[in-house]
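Structure record follows, encoded as structure tokens.
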Amino acid sequence: MKTTGTIDDLQWEQLIQNTAKYFDDITIKRGFQYFKQQRVLDFKMPDAVHIQAVVEGTEDYYVKINLDSLSESRCDCPVNGSCKHMVAVLLQYADLQDRPIPALANA
């Protein structure tokens, strides 16, 4: 898994706030389960604000995350918008950044 750069405390706090705004509690809980089950595969960061990953669900889903604007993030699952696959990828990102997973999971 390749990451680009590390985030500072201000960026981390912003990610927590954005996650709380963009995802509801149920979606975050389901994404947390996917993260714990290690369903995030092929995690890549082509640059400091974009993440690409595959998340194993009913089938494998391709996820693109824009850390600067979660509303521009995409997943090719049947849910049209914020989904558990995106949350799982964000939690994987937090883990790779050595940030506390519960802080994001409880956003």
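Just so we're on the same page: first chain in the structure tokens is A, next is B, and so on; residues restart at 1 for each chain, and ligands are numbered from 1 in the order they show up.
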Practice item. Would you kindly return, as a ChimeraX atom specification, each protein, DNA or RNA residue with an atom no farther than 7 Å from any atom of Asp76 in chain A, considering only C-alpha atoms and excluding same-chain residues fewer than 6 positions away? Key: /A:61-63
Would you export the selected residues with N, CA and C atoms as a compact mmCIF listing (two decimals), in the first residue's frame, please?
```txt
# COMPACT_ATOMS: atom_id res chain seq x y z
N TYR A 61 -15.54 -3.38 -5.60
CA TYR A 61 -15.95 -2.04 -6.00
C TYR A 61 -14.75 -1.11 -6.04
N TYR A 62 -14.68 -0.33 -7.09
CA TYR A 62 -13.60 0.63 -7.28
C TYR A 62 -13.99 1.96 -6.64
N VAL A 63 -13.15 2.46 -5.74
CA VAL A 63 -13.43 3.67 -4.98
C VAL A 63 -12.37 4.72 -5.29
```
Check your understanding: Could you write out, as a list in words, all the residues of range 20-100 of chain A that DSSP marks as strand (DSSP E)?
Key ->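 Taking range 20-100 of chain A and keeping strand (DSSP E) only, one gets Val40, Leu41, Asp42, Phe43, Lys44, Met45, Pro46, Asp47, His50, Ile51, Gln52, Ala53, Val54, Val55, Glu56, Asp60, Tyr61, Tyr62, Val63, Lys64, Ile65, Asn66, Arg74 and Cys75 of chain A.
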How close does range 39-62 of chain A get to range 6-17 of chain A? List, as a Markdown table, each residue of range 39-62 of chain A within 12 Å, its nearest atom pair and the distance in Å to one decimal, counting only C-alpha atoms.
```
| residue | atom | partner | partner_atom | distance |
| --- | --- | --- | --- | --- |
| A:Met45 | CA | A:Thr6 | CA | 11.5 |
| A:Asp47 | CA | A:Thr6 | CA | 11.2 |
| A:Ala48 | CA | A:Thr6 | CA | 8.2 |
| A:Val49 | CA | A:Ile7 | CA | 10.0 |
```
Store the residues picked out above, limited to N, CA and C atoms, as a PDB file, in the first residue's frame.
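Resulting contents of selection14.pdb:
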```
ATOM      1  N   MET A  45      -2.290   5.962  -3.480  1.00  0.00           N
ATOM      2  CA  MET A  45      -2.450   7.418  -3.460  1.00  0.00           C
ATOM      3  C   MET A  45      -1.581   8.008  -4.554  1.00  0.00           C
ATOM      4  N   ASP A  47      -1.476  11.004  -5.447  1.00  0.00           N
ATOM      5  CA  ASP A  47      -0.972  12.276  -4.934  1.00  0.00           C
ATOM      6  C   ASP A  47      -1.496  12.451  -3.513  1.00  0.00           C
ATOM      7  N   ALA A  48      -1.235  13.586  -2.901  1.00  0.00           N
ATOM      8  CA  ALA A  48      -1.541  13.791  -1.485  1.00  0.00           C
ATOM      9  C   ALA A  48      -3.028  13.910  -1.165  1.00  0.00           C
ATOM     10  N   VAL A  49      -3.886  14.124  -2.156  1.00  0.00           N
ATOM     11  CA  VAL A  49      -5.318  14.312  -1.865  1.00  0.00           C
ATOM     12  C   VAL A  49      -6.236  13.284  -2.528  1.00  0.00           C
TER      13      VAL A  49
END
```
Check your understanding: Hey, what's within 9 Å of Tyr34 in chain A if we count only C-alpha atoms and toss same-chain stuff fewer than 4 positions away? As JSON, numbers by chain, please?
Key -> {"A": [29, 30, 38, 39, 40, 55, 56, 57, 84, 85, 87, 88]}
Could you save those same residues with C-alpha atoms as an mmCIF file, in the first residue's frame?
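Once everything was written out, this is out-v3.cif:
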```cif
data_model
loop_
_atom_site.group_PDB
_atom_site.id
_atom_site.type_symbol
_atom_site.label_atom_id
_atom_site.label_comp_id
_atom_site.auth_asym_id
_atom_site.auth_seq_id
_atom_site.Cartn_x
_atom_site.Cartn_y
_atom_site.Cartn_z
ATOM 1 C CA LYS A 29 -20.577 1.764 11.187
ATOM 2 C CA ARG A 30 -20.878 -0.450 8.108
ATOM 3 C CA GLN A 38 -9.736 -6.049 5.835
ATOM 4 C CA ARG A 39 -11.859 -5.655 2.718
ATOM 5 C CA VAL A 40 -9.869 -2.671 1.429
ATOM 6 C CA VAL A 55 -13.156 -2.724 -1.680
ATOM 7 C CA GLU A 56 -14.441 -6.252 -1.495
ATOM 8 C CA GLY A 57 -18.226 -6.301 -1.125
ATOM 9 C CA LYS A 84 -19.645 2.125 3.349
ATOM 10 C CA HIS A 85 -16.937 1.335 0.796
ATOM 11 C CA VAL A 87 -15.740 4.931 4.687
ATOM 12 C CA ALA A 88 -13.675 1.739 4.722
#
```
Could you name the residues that touch Gly81 in chain A at 12 Å or less, counting only C-alpha atoms, but leaving out those on the same chain fewer than 6 positions away, as a compact mmCIF listing (two decimals) with all heavy atoms, in the first residue's frame?
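Listed below is the output, around_8.txt:
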```txt
# COMPACT_ATOMS: atom_id res chain seq x y z
N TYR A 22 -20.49 14.25 5.69
CA TYR A 22 -20.79 13.56 4.44
C TYR A 22 -21.42 12.18 4.62
O TYR A 22 -22.15 11.71 3.76
CB TYR A 22 -19.53 13.48 3.58
CG TYR A 22 -19.78 13.06 2.17
CD1 TYR A 22 -20.47 13.89 1.27
CD2 TYR A 22 -19.37 11.82 1.70
CE1 TYR A 22 -20.73 13.51 -0.02
CE2 TYR A 22 -19.62 11.43 0.39
CZ TYR A 22 -20.30 12.27 -0.46
OH TYR A 22 -20.56 11.89 -1.75
N PHE A 23 -21.13 11.51 5.74
CA PHE A 23 -21.61 10.14 5.96
C PHE A 23 -22.51 10.08 7.20
O PHE A 23 -22.20 10.70 8.20
CB PHE A 23 -20.43 9.17 6.16
CG PHE A 23 -19.51 9.10 4.98
CD1 PHE A 23 -18.33 9.83 4.96
CD2 PHE A 23 -19.79 8.30 3.88
CE1 PHE A 23 -17.46 9.78 3.88
CE2 PHE A 23 -18.94 8.24 2.80
CZ PHE A 23 -17.77 8.98 2.79
N ASP A 24 -23.59 9.30 7.11
CA ASP A 24 -24.43 9.13 8.29
C ASP A 24 -23.84 8.02 9.18
O ASP A 24 -22.93 7.30 8.79
CB ASP A 24 -25.89 8.85 7.89
CG ASP A 24 -26.07 7.55 7.11
OD1 ASP A 24 -25.33 6.56 7.36
OD2 ASP A 24 -26.96 7.51 6.25
N THR A 27 -23.81 4.33 7.86
CA THR A 27 -22.81 4.13 6.80
C THR A 27 -21.42 4.03 7.41
O THR A 27 -20.61 3.18 7.01
CB THR A 27 -22.89 5.27 5.77
OG1 THR A 27 -24.21 5.31 5.22
CG2 THR A 27 -21.88 5.08 4.64
N VAL A 63 -13.15 2.46 -5.74
CA VAL A 63 -13.43 3.67 -4.98
C VAL A 63 -12.37 4.72 -5.29
O VAL A 63 -11.17 4.41 -5.32
CB VAL A 63 -13.43 3.38 -3.46
CG1 VAL A 63 -13.68 4.64 -2.66
CG2 VAL A 63 -14.45 2.31 -3.13
N LYS A 64 -12.82 5.95 -5.52
CA LYS A 64 -11.93 7.10 -5.67
C LYS A 64 -12.32 8.12 -4.62
O LYS A 64 -13.48 8.55 -4.57
CB LYS A 64 -12.07 7.74 -7.06
CG LYS A 64 -11.48 6.95 -8.18
CD LYS A 64 -11.65 7.74 -9.48
CE LYS A 64 -10.87 7.11 -10.61
NZ LYS A 64 -10.98 7.92 -11.83
N ILE A 65 -11.37 8.50 -3.79
CA ILE A 65 -11.62 9.48 -2.73
C ILE A 65 -10.85 10.76 -3.03
O ILE A 65 -9.67 10.71 -3.38
CB ILE A 65 -11.15 8.94 -1.35
CG1 ILE A 65 -11.89 7.66 -0.98
CG2 ILE A 65 -11.29 10.01 -0.28
CD1 ILE A 65 -13.32 7.82 -0.58
N LEU A 70 -14.96 15.48 -0.19
CA LEU A 70 -15.55 14.15 -0.17
C LEU A 70 -16.75 14.04 -1.10
O LEU A 70 -17.04 12.96 -1.61
CB LEU A 70 -15.95 13.76 1.26
CG LEU A 70 -14.79 13.53 2.23
CD1 LEU A 70 -15.31 13.15 3.61
CD2 LEU A 70 -13.83 12.47 1.71
N SER A 71 -17.43 15.15 -1.37
CA SER A 71 -18.57 15.11 -2.27
C SER A 71 -18.17 14.79 -3.71
O SER A 71 -19.01 14.38 -4.51
CB SER A 71 -19.35 16.44 -2.23
OG SER A 71 -18.54 17.49 -2.70
N GLU A 72 -16.90 14.95 -4.03
CA GLU A 72 -16.41 14.58 -5.36
C GLU A 72 -15.89 13.14 -5.42
O GLU A 72 -15.43 12.69 -6.46
CB GLU A 72 -15.29 15.54 -5.78
CG GLU A 72 -15.77 16.96 -6.01
CD GLU A 72 -14.66 17.90 -6.41
OE1 GLU A 72 -13.58 17.43 -6.85
OE2 GLU A 72 -14.86 19.12 -6.27
N SER A 73 -15.97 12.43 -4.30
CA SER A 73 -15.52 11.04 -4.24
C SER A 73 -16.56 10.14 -4.92
O SER A 73 -17.74 10.48 -4.99
CB SER A 73 -15.32 10.62 -2.79
OG SER A 73 -14.33 11.43 -2.19
N ARG A 74 -16.10 9.01 -5.41
CA ARG A 74 -16.97 8.10 -6.15
C ARG A 74 -16.70 6.64 -5.78
O ARG A 74 -15.58 6.27 -5.47
CB ARG A 74 -16.76 8.25 -7.66
CG ARG A 74 -17.04 9.63 -8.21
CD ARG A 74 -18.54 9.91 -8.27
NE ARG A 74 -18.80 11.28 -8.65
CZ ARG A 74 -19.19 12.24 -7.82
NH1 ARG A 74 -19.36 11.98 -6.55
NH2 ARG A 74 -19.43 13.46 -8.24
N CYS A 75 -17.75 5.84 -5.88
CA CYS A 75 -17.66 4.39 -5.76
C CYS A 75 -18.58 3.81 -6.82
O CYS A 75 -19.66 4.37 -7.07
CB CYS A 75 -18.09 3.95 -4.36
SG CYS A 75 -18.08 2.14 -4.14
N VAL A 87 -16.14 4.83 3.28
CA VAL A 87 -15.74 4.93 4.69
C VAL A 87 -14.62 3.94 4.99
O VAL A 87 -13.64 4.30 5.66
CB VAL A 87 -16.95 4.70 5.62
CG1 VAL A 87 -16.50 4.63 7.07
CG2 VAL A 87 -17.99 5.78 5.43
```
Check your understanding: Can you list every residue in chain A that DSSP puts in alpha helix (DSSP H), as JSON, numbers by chain?
Key -> {"A": [9, 10, 11, 12, 13, 14, 15, 16, 17, 18, 19, 20, 21, 22, 25, 26, 27, 28, 29, 30, 31, 32, 33, 34, 35, 36, 84, 85, 86, 87, 88, 89, 90, 91, 92, 93, 94, 95, 96, 101, 102, 103, 104, 105]}
